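Novice: As input, take target-v3.cif (mmCIF, C-alpha atoms):
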```cif
data_protein
loop_
_atom_site.group_PDB
_atom_site.id
_atom_site.type_symbol
_atom_site.label_atom_id
_atom_site.label_comp_id
_atom_site.auth_asym_id
_atom_site.auth_seq_id
_atom_site.Cartn_x
_atom_site.Cartn_y
_atom_site.Cartn_z
ATOM 1 C CA MET P 699 16.579 -13.643 -23.713
ATOM 2 C CA ARG P 700 16.421 -9.860 -23.285
ATOM 3 C CA ASP P 701 19.082 -7.881 -21.426
ATOM 4 C CA ILE P 702 18.228 -5.085 -18.996
ATOM 5 C CA ASP P 703 21.105 -3.028 -17.637
ATOM 6 C CA SER P 704 21.091 -2.716 -13.856
ATOM 7 C CA LYS P 705 21.861 0.999 -14.268
ATOM 8 C CA LYS P 706 18.440 1.428 -15.887
ATOM 9 C CA ILE P 707 16.817 -0.298 -12.926
ATOM 10 C CA ILE P 708 18.635 2.022 -10.501
ATOM 11 C CA GLU P 709 17.507 5.113 -12.394
ATOM 12 C CA THR P 710 13.924 3.886 -12.685
ATOM 13 C CA VAL P 711 13.553 3.003 -9.001
ATOM 14 C CA SER P 712 15.045 6.357 -7.994
ATOM 15 C CA ASN P 713 12.605 8.304 -10.162
ATOM 16 C CA LEU P 714 9.602 6.205 -9.171
ATOM 17 C CA PHE P 715 10.062 6.849 -5.453
ATOM 18 C CA GLN P 716 10.689 10.560 -5.899
ATOM 19 C CA ASP P 717 7.561 11.000 -8.006
ATOM 20 C CA ALA P 718 5.463 8.776 -5.727
ATOM 21 C CA CYS P 719 6.269 10.977 -2.744
ATOM 22 C CA LEU P 720 5.319 14.172 -4.586
ATOM 23 C CA TYR P 721 2.326 13.263 -6.721
ATOM 24 C CA LEU P 722 -0.740 11.376 -5.507
ATOM 25 C CA PRO P 723 -1.917 8.823 -8.116
ATOM 26 C CA LYS P 724 -4.923 9.895 -10.186
ATOM 27 C CA ASP P 725 -7.062 7.008 -8.943
ATOM 28 C CA VAL P 726 -6.523 7.984 -5.306
ATOM 29 C CA LEU P 727 -7.177 11.676 -5.961
ATOM 30 C CA ALA P 728 -10.353 10.855 -7.875
ATOM 31 C CA ALA P 729 -11.580 8.677 -4.991
ATOM 32 C CA LEU P 730 -10.928 11.470 -2.503
ATOM 33 C CA LYS P 731 -12.824 13.994 -4.623
ATOM 34 C CA GLU P 732 -15.752 11.610 -5.018
ATOM 35 C CA ALA P 733 -15.792 11.025 -1.257
ATOM 36 C CA ARG P 734 -15.866 14.778 -0.631
ATOM 37 C CA GLU P 735 -18.914 15.145 -2.875
ATOM 38 C CA LYS P 736 -20.797 12.294 -1.193
ATOM 39 C CA GLU P 737 -19.811 13.024 2.413
ATOM 40 C CA GLU P 738 -22.682 14.152 4.645
ATOM 41 C CA SER P 739 -20.643 15.573 7.541
ATOM 42 C CA PRO P 740 -19.494 19.211 7.141
ATOM 43 C CA ALA P 741 -16.387 18.543 9.257
ATOM 44 C CA ALA P 742 -15.494 15.496 7.173
ATOM 45 C CA ARG P 743 -15.988 17.421 3.925
ATOM 46 C CA ASP P 744 -13.669 20.130 5.204
ATOM 47 C CA VAL P 745 -10.987 17.592 6.115
ATOM 48 C CA LEU P 746 -11.217 15.983 2.680
ATOM 49 C CA ALA P 747 -10.971 19.418 1.072
ATOM 50 C CA GLN P 748 -7.791 20.114 3.065
ATOM 51 C CA ILE P 749 -6.335 16.752 2.042
ATOM 52 C CA ILE P 750 -7.008 17.514 -1.613
ATOM 53 C CA LYS P 751 -5.467 20.980 -1.219
ATOM 54 C CA ASN P 752 -2.408 19.340 0.349
ATOM 55 C CA THR P 753 -1.927 17.212 -2.767
ATOM 56 C CA GLU P 754 -2.083 20.301 -4.977
ATOM 57 C CA ILE P 755 0.533 22.125 -2.893
ATOM 58 C CA ALA P 756 2.831 19.085 -2.842
ATOM 59 C CA GLY P 757 2.848 18.820 -6.624
ATOM 60 C CA LYS P 758 3.222 22.544 -7.212
ATOM 61 C CA GLU P 759 5.931 23.158 -4.617
ATOM 62 C CA LYS P 760 7.716 19.816 -5.155
ATOM 63 C CA ILE P 761 7.509 18.853 -1.481
ATOM 64 C CA PRO P 762 6.449 15.454 -0.109
ATOM 65 C CA LEU P 763 2.761 14.731 0.305
ATOM 66 C CA CYS P 764 3.521 13.510 3.823
ATOM 67 C CA GLN P 765 6.558 13.920 6.072
ATOM 68 C CA ASP P 766 6.605 10.137 6.530
ATOM 69 C CA THR P 767 8.036 9.077 3.191
ATOM 70 C CA GLY P 768 7.819 5.493 4.319
ATOM 71 C CA ALA P 769 9.551 2.188 4.041
ATOM 72 C CA ALA P 770 10.490 1.464 0.437
ATOM 73 C CA VAL P 771 8.213 -1.378 -0.663
ATOM 74 C CA VAL P 772 8.982 -2.741 -4.143
ATOM 75 C CA LEU P 773 7.003 -5.295 -6.136
ATOM 76 C CA LEU P 774 8.925 -6.849 -9.037
ATOM 77 C CA GLU P 775 7.325 -8.837 -11.845
ATOM 78 C CA LEU P 776 10.358 -10.327 -13.549
ATOM 79 C CA GLY P 777 9.865 -11.893 -16.941
ATOM 80 C CA GLN P 778 11.487 -15.306 -17.175
ATOM 81 C CA ASP P 779 13.235 -14.241 -20.380
ATOM 82 C CA VAL P 780 14.912 -11.219 -18.772
ATOM 83 C CA HIS P 781 18.637 -11.156 -18.046
ATOM 84 C CA VAL P 782 19.817 -8.387 -15.706
ATOM 85 C CA THR P 783 23.294 -7.241 -16.703
ATOM 86 C CA GLY P 784 25.918 -5.159 -14.927
ATOM 87 C CA GLY P 785 24.985 -6.134 -11.401
ATOM 88 C CA ASP P 786 22.603 -7.835 -8.997
ATOM 89 C CA LEU P 787 18.858 -7.116 -9.311
ATOM 90 C CA TYR P 788 18.201 -6.563 -5.597
ATOM 91 C CA ALA P 789 21.366 -4.491 -5.241
ATOM 92 C CA ALA P 790 20.159 -2.295 -8.111
ATOM 93 C CA VAL P 791 16.778 -1.798 -6.447
ATOM 94 C CA ASN P 792 18.404 -0.805 -3.176
ATOM 95 C CA GLU P 793 20.778 1.572 -4.937
ATOM 96 C CA GLY P 794 17.779 3.144 -6.651
ATOM 97 C CA VAL P 795 16.090 3.644 -3.284
ATOM 98 C CA ARG P 796 19.293 5.101 -1.849
ATOM 99 C CA ARG P 797 19.672 7.616 -4.679
ATOM 100 C CA GLY P 798 15.993 8.489 -4.843
ATOM 101 C CA TYR P 799 15.685 9.296 -1.162
ATOM 102 C CA GLU P 800 18.906 11.304 -1.214
ATOM 103 C CA LYS P 801 18.174 13.226 -4.407
ATOM 104 C CA GLY P 802 14.547 13.856 -3.463
ATOM 105 C CA TYR P 803 15.419 15.023 0.066
ATOM 106 C CA LEU P 804 13.042 12.381 1.414
ATOM 107 C CA ARG P 805 13.022 11.342 5.064
ATOM 108 C CA LYS P 806 15.028 8.203 5.781
ATOM 109 C CA SER P 807 13.124 6.001 8.216
ATOM 110 C CA MET P 808 14.732 2.539 8.245
ATOM 111 C CA VAL P 809 16.614 1.415 11.364
ATOM 112 C CA ASN P 810 18.939 -1.518 12.070
ATOM 113 C CA GLN P 811 18.484 -3.789 15.113
ATOM 114 C CA PRO P 812 14.797 -2.820 15.401
ATOM 115 C CA PHE P 813 14.436 -4.528 18.800
ATOM 116 C CA SER P 814 17.348 -2.720 20.469
ATOM 117 C CA ALA P 815 19.735 -0.095 19.072
ATOM 118 C CA ARG P 816 17.407 1.155 16.281
ATOM 119 C CA VAL P 817 20.197 2.983 14.453
ATOM 120 C CA ASN P 818 19.055 4.743 11.288
ATOM 121 C CA THR P 819 20.541 3.272 8.100
ATOM 122 C CA LYS P 820 20.660 6.861 6.752
ATOM 123 C CA ASP P 821 19.546 5.995 3.201
ATOM 124 C CA ASN P 822 16.160 4.276 3.706
ATOM 125 C CA THR P 823 17.535 0.895 2.666
ATOM 126 C CA PRO P 824 17.087 -1.984 2.679
ATOM 127 C CA ALA P 825 13.951 -1.999 0.571
ATOM 128 C CA ILE P 826 11.185 -4.519 1.222
ATOM 129 C CA ILE P 827 11.194 -6.458 -2.048
ATOM 130 C CA HIS P 828 8.571 -8.905 -3.318
ATOM 131 C CA ALA P 829 9.477 -10.640 -6.579
ATOM 132 C CA ASP P 830 7.322 -12.771 -8.876
ATOM 133 C CA ILE P 831 8.631 -14.658 -11.908
ATOM 134 C CA VAL P 832 6.209 -14.165 -14.796
ATOM 135 C CA PRO P 833 6.142 -15.056 -18.510
ATOM 136 C CA GLY P 834 7.740 -12.663 -20.986
ATOM 137 C CA ASP P 835 10.813 -10.485 -21.388
ATOM 138 C CA ARG P 836 9.849 -7.403 -19.392
ATOM 139 C CA LEU P 837 10.487 -6.203 -15.856
ATOM 140 C CA LYS P 838 7.627 -4.380 -14.152
ATOM 141 C CA ILE P 839 8.636 -2.344 -11.118
ATOM 142 C CA SER P 840 5.922 -1.137 -8.728
ATOM 143 C CA VAL P 841 6.876 0.959 -5.707
ATOM 144 C CA MET P 842 5.075 2.057 -2.568
ATOM 145 C CA PRO P 843 6.462 4.410 0.091
ATOM 146 C CA LYS P 844 4.608 2.816 3.046
ATOM 147 C CA GLY P 845 4.105 5.027 6.083
ATOM 148 C CA GLY P 846 4.570 3.684 9.600
ATOM 149 C CA GLY P 847 1.255 4.876 11.031
ATOM 150 C CA SER P 848 -0.870 2.788 8.700
ATOM 151 C CA GLU P 849 1.537 -0.148 8.673
ATOM 152 C CA ASN P 850 1.345 -0.347 12.466
ATOM 153 C CA CYS P 851 -2.374 -1.090 12.181
ATOM 154 C CA SER P 852 -1.807 -4.275 10.160
ATOM 155 C CA ARG P 853 -2.852 -7.606 11.658
ATOM 156 C CA LEU P 854 -2.706 -11.345 10.950
ATOM 157 C CA THR P 855 -4.898 -14.115 12.290
ATOM 158 C CA VAL P 856 -5.601 -17.735 11.502
ATOM 159 C CA MET P 857 -9.379 -17.761 11.546
ATOM 160 C CA PRO P 858 -11.283 -20.707 13.053
ATOM 161 C CA LEU P 859 -12.896 -22.382 10.043
ATOM 162 C CA ALA P 860 -16.356 -22.221 11.597
ATOM 163 C CA LYS P 861 -16.257 -18.407 11.633
ATOM 164 C CA GLY P 862 -15.852 -18.256 7.849
ATOM 165 C CA ARG P 863 -17.089 -15.225 5.943
ATOM 166 C CA ARG P 864 -18.754 -13.562 8.916
ATOM 167 C CA GLY P 865 -15.603 -13.955 10.973
ATOM 168 C CA ILE P 866 -13.519 -12.253 8.298
ATOM 169 C CA ILE P 867 -15.893 -9.286 8.183
ATOM 170 C CA ASP P 868 -15.874 -8.923 11.972
ATOM 171 C CA PHE P 869 -12.074 -9.210 12.122
ATOM 172 C CA VAL P 870 -11.541 -6.395 9.618
ATOM 173 C CA VAL P 871 -14.244 -4.096 10.983
ATOM 174 C CA ASN P 872 -13.075 -4.524 14.589
ATOM 175 C CA LEU P 873 -9.489 -3.797 13.567
ATOM 176 C CA VAL P 874 -10.454 -0.566 11.791
ATOM 177 C CA ASP P 875 -12.597 0.429 14.779
ATOM 178 C CA GLU P 876 -9.718 -0.176 17.217
ATOM 179 C CA SER P 877 -7.286 1.694 14.966
ATOM 180 C CA GLY P 878 -9.437 4.822 14.916
ATOM 181 C CA SER P 879 -7.596 7.799 13.476
ATOM 182 C CA ASN P 880 -4.120 6.223 13.822
ATOM 183 C CA PRO P 881 -3.783 5.096 10.164
ATOM 184 C CA CYS P 882 -4.834 8.571 8.874
ATOM 185 C CA PRO P 883 -8.208 7.752 7.286
ATOM 186 C CA PRO P 884 -9.810 7.585 4.833
ATOM 187 C CA VAL P 885 -7.888 4.350 4.429
ATOM 188 C CA ILE P 886 -7.586 1.675 1.805
ATOM 189 C CA ILE P 887 -7.793 -1.833 3.229
ATOM 190 C CA GLY P 888 -5.691 -4.606 1.730
ATOM 191 C CA LEU P 889 -6.979 -8.024 2.726
ATOM 192 C CA GLY P 890 -5.222 -11.328 2.039
ATOM 193 C CA ILE P 891 -7.179 -14.537 2.526
ATOM 194 C CA GLY P 892 -5.721 -18.025 2.233
ATOM 195 C CA GLY P 893 -2.371 -19.629 1.562
ATOM 196 C CA THR P 894 -0.106 -19.727 4.607
ATOM 197 C CA THR P 895 0.423 -16.934 7.113
ATOM 198 C CA ASP P 896 3.303 -15.422 5.135
ATOM 199 C CA LYS P 897 1.385 -15.745 1.864
ATOM 200 C CA ALA P 898 -1.671 -14.027 3.336
ATOM 201 C CA MET P 899 0.422 -11.058 4.464
ATOM 202 C CA ALA P 900 2.016 -10.752 1.020
ATOM 203 C CA LEU P 901 -1.431 -10.887 -0.601
ATOM 204 C CA ALA P 902 -2.683 -8.091 1.652
ATOM 205 C CA LYS P 903 0.228 -5.863 0.646
ATOM 206 C CA LYS P 904 -0.151 -6.710 -3.036
ATOM 207 C CA ALA P 905 -3.842 -5.787 -2.877
ATOM 208 C CA LEU P 906 -2.878 -2.196 -2.068
ATOM 209 C CA PHE P 907 -1.203 -1.802 -5.473
ATOM 210 C CA ARG P 908 -4.550 -2.204 -7.211
ATOM 211 C CA GLY P 909 -6.333 0.899 -8.544
ATOM 212 C CA VAL P 910 -8.567 2.356 -5.823
ATOM 213 C CA GLY P 911 -11.989 0.736 -5.900
ATOM 214 C CA GLU P 912 -11.091 -1.658 -8.715
ATOM 215 C CA PRO P 913 -13.024 -4.808 -7.740
ATOM 216 C CA ASN P 914 -11.655 -8.316 -7.596
ATOM 217 C CA GLN P 915 -12.458 -10.227 -10.779
ATOM 218 C CA ASP P 916 -14.189 -12.971 -8.786
ATOM 219 C CA PRO P 917 -17.818 -11.812 -8.219
ATOM 220 C CA GLU P 918 -18.019 -13.490 -4.797
ATOM 221 C CA VAL P 919 -14.825 -11.790 -3.620
ATOM 222 C CA ALA P 920 -15.971 -8.451 -5.091
ATOM 223 C CA GLU P 921 -19.220 -8.726 -3.119
ATOM 224 C CA LEU P 922 -17.249 -9.335 0.075
ATOM 225 C CA GLU P 923 -15.181 -6.215 -0.663
ATOM 226 C CA LYS P 924 -18.358 -4.157 -0.952
ATOM 227 C CA GLU P 925 -19.854 -5.569 2.235
ATOM 228 C CA ILE P 926 -16.747 -4.939 4.335
ATOM 229 C CA LEU P 927 -16.478 -1.387 2.956
ATOM 230 C CA ARG P 928 -20.098 -0.720 3.896
ATOM 231 C CA HIS P 929 -19.596 -1.936 7.467
ATOM 232 C CA VAL P 930 -16.338 0.006 7.861
ATOM 233 C CA ASN P 931 -17.902 3.255 6.680
ATOM 234 C CA ASN P 932 -20.789 2.749 9.086
ATOM 235 C CA LEU P 933 -18.314 3.004 11.983
ATOM 236 C CA GLY P 934 -18.426 6.797 11.749
ATOM 237 C CA ILE P 935 -14.688 7.337 12.266
ATOM 238 C CA GLY P 936 -14.421 9.485 9.147
ATOM 239 C CA PRO P 937 -11.507 11.414 7.623
ATOM 240 C CA MET P 938 -8.671 11.795 10.146
ATOM 241 C CA GLY P 939 -11.094 10.689 12.881
ATOM 242 C CA TYR P 940 -13.386 13.733 12.595
ATOM 243 C CA GLY P 941 -16.485 11.635 11.999
ATOM 244 C CA GLY P 942 -18.511 11.046 8.858
ATOM 245 C CA ARG P 943 -19.170 8.304 6.355
ATOM 246 C CA THR P 944 -15.746 8.158 4.739
ATOM 247 C CA THR P 945 -13.563 5.969 6.925
ATOM 248 C CA ALA P 946 -12.323 3.926 3.952
ATOM 249 C CA LEU P 947 -12.097 4.607 0.238
ATOM 250 C CA ALA P 948 -11.913 0.949 -0.755
ATOM 251 C CA VAL P 949 -11.396 -2.643 0.332
ATOM 252 C CA HIS P 950 -9.158 -4.755 -1.912
ATOM 253 C CA ILE P 951 -9.077 -8.514 -1.398
ATOM 254 C CA GLU P 952 -6.665 -11.062 -2.838
ATOM 255 C CA THR P 953 -7.218 -14.772 -2.199
ATOM 256 C CA PHE P 954 -5.222 -17.998 -2.498
ATOM 257 C CA PRO P 955 -6.119 -21.664 -1.874
ATOM 258 C CA ALA P 956 -5.532 -22.786 1.707
ATOM 259 C CA HIS P 957 -4.863 -26.003 3.634
ATOM 260 C CA ILE P 958 -8.006 -27.900 4.666
ATOM 261 C CA ALA P 959 -7.278 -27.033 8.308
ATOM 262 C CA SER P 960 -6.343 -23.363 7.843
ATOM 263 C CA LEU P 961 -7.900 -19.996 7.059
ATOM 264 C CA PRO P 962 -5.175 -17.324 7.320
ATOM 265 C CA VAL P 963 -6.491 -13.761 7.125
ATOM 266 C CA ALA P 964 -4.193 -10.737 6.891
ATOM 267 C CA VAL P 965 -5.032 -7.029 6.880
ATOM 268 C CA ASN P 966 -2.674 -4.334 5.619
ATOM 269 C CA ILE P 967 -4.025 -0.810 5.950
ATOM 270 C CA GLN P 968 -2.964 2.093 3.760
ATOM 271 C CA CYS P 969 -3.460 5.738 4.756
ATOM 272 C CA TRP P 970 -5.228 8.316 2.577
ATOM 273 C CA CYS P 971 -1.801 9.167 1.171
ATOM 274 C CA ALA P 972 -1.817 5.962 -0.885
ATOM 275 C CA ARG P 973 1.375 6.615 -2.812
ATOM 276 C CA HIS P 974 2.329 4.130 -5.485
ATOM 277 C CA ASN P 975 4.030 4.259 -8.858
ATOM 278 C CA GLU P 976 5.120 1.802 -11.530
ATOM 279 C CA ALA P 977 7.147 1.403 -14.711
ATOM 280 C CA THR P 978 7.898 -1.411 -17.137
ATOM 281 C CA LEU P 979 11.340 -1.957 -18.632
#
```
Before we go any further, please render this structure as structure tokens.

Specialist:
Amino acid sequence: MRDIDSKKIIETVSNLFQDACLYLPKDVLAALKEAREKEESPAARDVLAQIIKNTEIAGKEKIPLCQDTGAAVVLLELGQDVHVTGGDLYAAVNEGVRRGYEKGYLRKSMVNQPFSARVNTKDNTPAIIHADIVPGDRLKISVMPKGGGSENCSRLTVMPLAKGRRGIIDFVVNLVDESGSNPCPPVIIGLGIGGTTDKAMALAKKALFRGVGEPNQDPEVAELEKEILRHVNNLGIGPMGYGGRTTALAVHIETFPAHIASLPVAVNIQCWCARHNEATL
């Protein structure tokens, strides 16, 4: 059994969110630069150039990449031989979010009673926490400040079995088409297929933590990723809705076995500002 002090978790979460809001991950920046080089539309190339310039200014001036510094999404991979000392794990994560958003002067966006009063919690807590128990004695913490514009374009359906693969493609492409410029394209599409409805949604979110364009290890799933990406980019929405071939940078799919009568399909869309960060304790 290996001890991890909750104070270390607080500090780590705080730093991860501050850095994630200031510095775009290298994989995302590389994908944007590649898209700019391949883009055929002059207007789209100019938009991509401005996006890239924005990332440079954010890092240099230490100001957020986007004013929407998001809901605090946290993915924990907790080794079964880890013992958290000095406090509760989830409480430590939330304290880390609280300190990070305060210290980093990041916008606090979470509200209580979302169907009525909508009173701001004033510290961006509670975090949205997903935890997996894994082998080993380490704790991996992955964070994602998830903006509201892209999150609002997420959808869940239970697909009629007869529609199968073609139905999944049509569902995703139609959703992106209907969303237009709302999720701030070029987007990254997280797609969860299988399990139950709640499992499919979790899979879709988890898919967004993958390196941009990193294919699923299953060749059949990887081929589906490529096909959906091709159809999405043929829509012509383009960066920020200005037209062009770069509506999405990548499609990431995660799958899980499903009931013989069910085919849950969930889509979680990420904006171009695909902020994520991770650390292992």

Novice: For Pro917 (chain P), which residue among P:Val745, P:Ala825, P:Ile867, P:Ile951 is the nearest when counting all atoms listed in the file?

Specialist: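 Ranking P:Val745, P:Ala825, P:Ile867, P:Ile951 by distance to Pro917 (chain P), first place goes to P:Ile951.
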
Novice: Would you mind listing what lies within 10 Å of Val782 (chain P) as a list in words, with all atoms listed in the file counted and same-chain residues fewer than 5 positions away left out?

Specialist: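 Listed by chain and then number, they are Arg700, Asp701, Ile702, Asp703, Ser704, Lys705, Lys706, Ile707, Leu776, Leu787, Ala790 and Leu837 of chain P.
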
Novice: Here's the selection I'm unsure about, the PyMOL selection byres ((chain P and resi 950) around 12); applied to the file above, which residues does it give, as number ranges by chain?

Specialist: P: 870, 885-891, 901-916, 919-927, 946-949, 951-953, 964-968

Novice: Just the residues within 7 Å of region 753-762 of chain P, please, counting all atoms listed in the file, with nothing from its chain fewer than 3 positions along; format it as number ranges by chain.

Specialist: P: 719-722, 749-750, 765

Novice: Pull out every residue that the PyMOL selection byres ((chain P and resi 747) around 12) matches in the shown coordinates and put them as a ChimeraX atom specification.

Specialist: /P:727,730-735,737,740-746,748-754,937

Novice: What does the file look like for those residues with C-alpha atoms, as a short mmCIF file (atom, residue, chain, number, x, y, z; two decimals), keeping the file's coordinate frame?

Specialist:
```cif
data_model
loop_
_atom_site.label_atom_id
_atom_site.label_comp_id
_atom_site.auth_asym_id
_atom_site.auth_seq_id
_atom_site.Cartn_x
_atom_site.Cartn_y
_atom_site.Cartn_z
CA LEU P 727 -7.18 11.68 -5.96
CA LEU P 730 -10.93 11.47 -2.50
CA LYS P 731 -12.82 13.99 -4.62
CA GLU P 732 -15.75 11.61 -5.02
CA ALA P 733 -15.79 11.02 -1.26
CA ARG P 734 -15.87 14.78 -0.63
CA GLU P 735 -18.91 15.14 -2.88
CA GLU P 737 -19.81 13.02 2.41
CA PRO P 740 -19.49 19.21 7.14
CA ALA P 741 -16.39 18.54 9.26
CA ALA P 742 -15.49 15.50 7.17
CA ARG P 743 -15.99 17.42 3.92
CA ASP P 744 -13.67 20.13 5.20
CA VAL P 745 -10.99 17.59 6.12
CA LEU P 746 -11.22 15.98 2.68
CA GLN P 748 -7.79 20.11 3.06
CA ILE P 749 -6.34 16.75 2.04
CA ILE P 750 -7.01 17.51 -1.61
CA LYS P 751 -5.47 20.98 -1.22
CA ASN P 752 -2.41 19.34 0.35
CA THR P 753 -1.93 17.21 -2.77
CA GLU P 754 -2.08 20.30 -4.98
CA PRO P 937 -11.51 11.41 7.62
#
```

Novice: Calculated over only C-alpha atoms, which of the candidates P:Leu961, P:Cys851, P:Lys838, P:Glu738 has the smallest distance to Gly865 (chain P)?

Specialist: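 Among the listed residues, the smallest separation from Gly865 (chain P) belongs to P:Leu961.
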
Novice: Between P:Gly862, P:Gly802, P:Pro843, P:Gly934, which has the minimum distance to Glu976 (chain P) (counting only C-alpha atoms)?

Specialist: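 Comparing P:Gly862, P:Gly802, P:Pro843, P:Gly934 against Glu976 (chain P), the winner is P:Pro843.
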
Novice: What does the PyMOL selection byres ((chain P and resi 823) around 9) select in this file, as a compact mmCIF listing (two decimals) with C-alpha atoms, in the frame of the given file?

Specialist:
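Saved file expr_8.txt follows:
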```
# COMPACT_ATOMS: atom_id res chain seq x y z
CA ALA P 769 9.55 2.19 4.04
CA ALA P 770 10.49 1.46 0.44
CA ASN P 792 18.40 -0.80 -3.18
CA GLU P 793 20.78 1.57 -4.94
CA VAL P 795 16.09 3.64 -3.28
CA ARG P 796 19.29 5.10 -1.85
CA LYS P 806 15.03 8.20 5.78
CA SER P 807 13.12 6.00 8.22
CA MET P 808 14.73 2.54 8.24
CA VAL P 809 16.61 1.42 11.36
CA THR P 819 20.54 3.27 8.10
CA LYS P 820 20.66 6.86 6.75
CA ASP P 821 19.55 6.00 3.20
CA ASN P 822 16.16 4.28 3.71
CA PRO P 824 17.09 -1.98 2.68
CA ALA P 825 13.95 -2.00 0.57
CA ILE P 826 11.18 -4.52 1.22
```

Novice: Let me have the centre and edge lengths in Å, one decimal, of the box along x, y and z around every listed atom of region 774-778 of chain P with 4 Å of margin on each side, as AutoDock Vina command-line options.

Specialist:
```
--center_x 9.4 --center_y -11.1 --center_z -13.1 --size_x 12.2 --size_y 16.5 --size_z 16.1
```

Novice: To one decimal place in Å, what is the distance between CA of Ser814 (chain P) and CA of Leu854 (chain P)?

Specialist: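 CA of Leu854 (chain P) lies 23.8 Å from CA of Ser814 (chain P).
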
Novice: Give me region 807-824 of chain P with N, CA and C atoms filled in, as a compact mmCIF listing (two decimals), keeping the file's coordinate frame.

Specialist:
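File produced: rebuild.txt:
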```txt
# COMPACT_ATOMS: atom_id res chain seq x y z
N SER P 807 13.82 6.50 7.04
CA SER P 807 13.12 6.00 8.22
C SER P 807 13.53 4.60 8.66
N MET P 808 14.39 3.92 7.91
CA MET P 808 14.73 2.54 8.24
C MET P 808 15.83 2.48 9.32
N VAL P 809 15.64 1.56 10.29
CA VAL P 809 16.61 1.42 11.36
C VAL P 809 17.08 -0.03 11.48
N ASN P 810 18.37 -0.20 11.79
CA ASN P 810 18.94 -1.52 12.07
C ASN P 810 18.64 -1.93 13.51
N GLN P 811 18.75 -3.25 13.78
CA GLN P 811 18.48 -3.79 15.11
C GLN P 811 17.19 -3.20 15.67
N PRO P 812 16.06 -3.47 15.02
CA PRO P 812 14.80 -2.82 15.40
C PRO P 812 14.34 -3.12 16.82
N PHE P 813 14.86 -4.18 17.45
CA PHE P 813 14.44 -4.53 18.80
C PHE P 813 15.34 -3.92 19.88
N SER P 814 16.43 -3.24 19.45
CA SER P 814 17.35 -2.72 20.47
C SER P 814 17.93 -1.36 20.08
N ALA P 815 19.02 -1.35 19.34
CA ALA P 815 19.74 -0.10 19.07
C ALA P 815 18.94 0.87 18.19
N ARG P 816 18.22 0.33 17.19
CA ARG P 816 17.41 1.16 16.28
C ARG P 816 18.22 2.32 15.69
N VAL P 817 19.33 1.98 15.08
CA VAL P 817 20.20 2.98 14.45
C VAL P 817 19.76 3.18 13.00
N ASN P 818 19.53 4.42 12.63
CA ASN P 818 19.06 4.74 11.29
C ASN P 818 20.10 4.33 10.24
N THR P 819 19.63 3.69 9.16
CA THR P 819 20.54 3.27 8.10
C THR P 819 20.98 4.45 7.24
N LYS P 820 20.31 5.58 7.37
CA LYS P 820 20.66 6.86 6.75
C LYS P 820 20.43 6.94 5.24
N ASP P 821 19.84 5.91 4.64
CA ASP P 821 19.55 6.00 3.20
C ASP P 821 18.23 5.30 2.83
N ASN P 822 17.46 4.94 3.85
CA ASN P 822 16.16 4.28 3.71
C ASN P 822 16.23 2.88 3.10
N THR P 823 17.41 2.30 3.05
CA THR P 823 17.54 0.90 2.67
C THR P 823 17.71 0.08 3.94
N PRO P 824 17.46 -1.22 3.87
CA PRO P 824 17.09 -1.98 2.68
C PRO P 824 15.61 -1.84 2.33
```
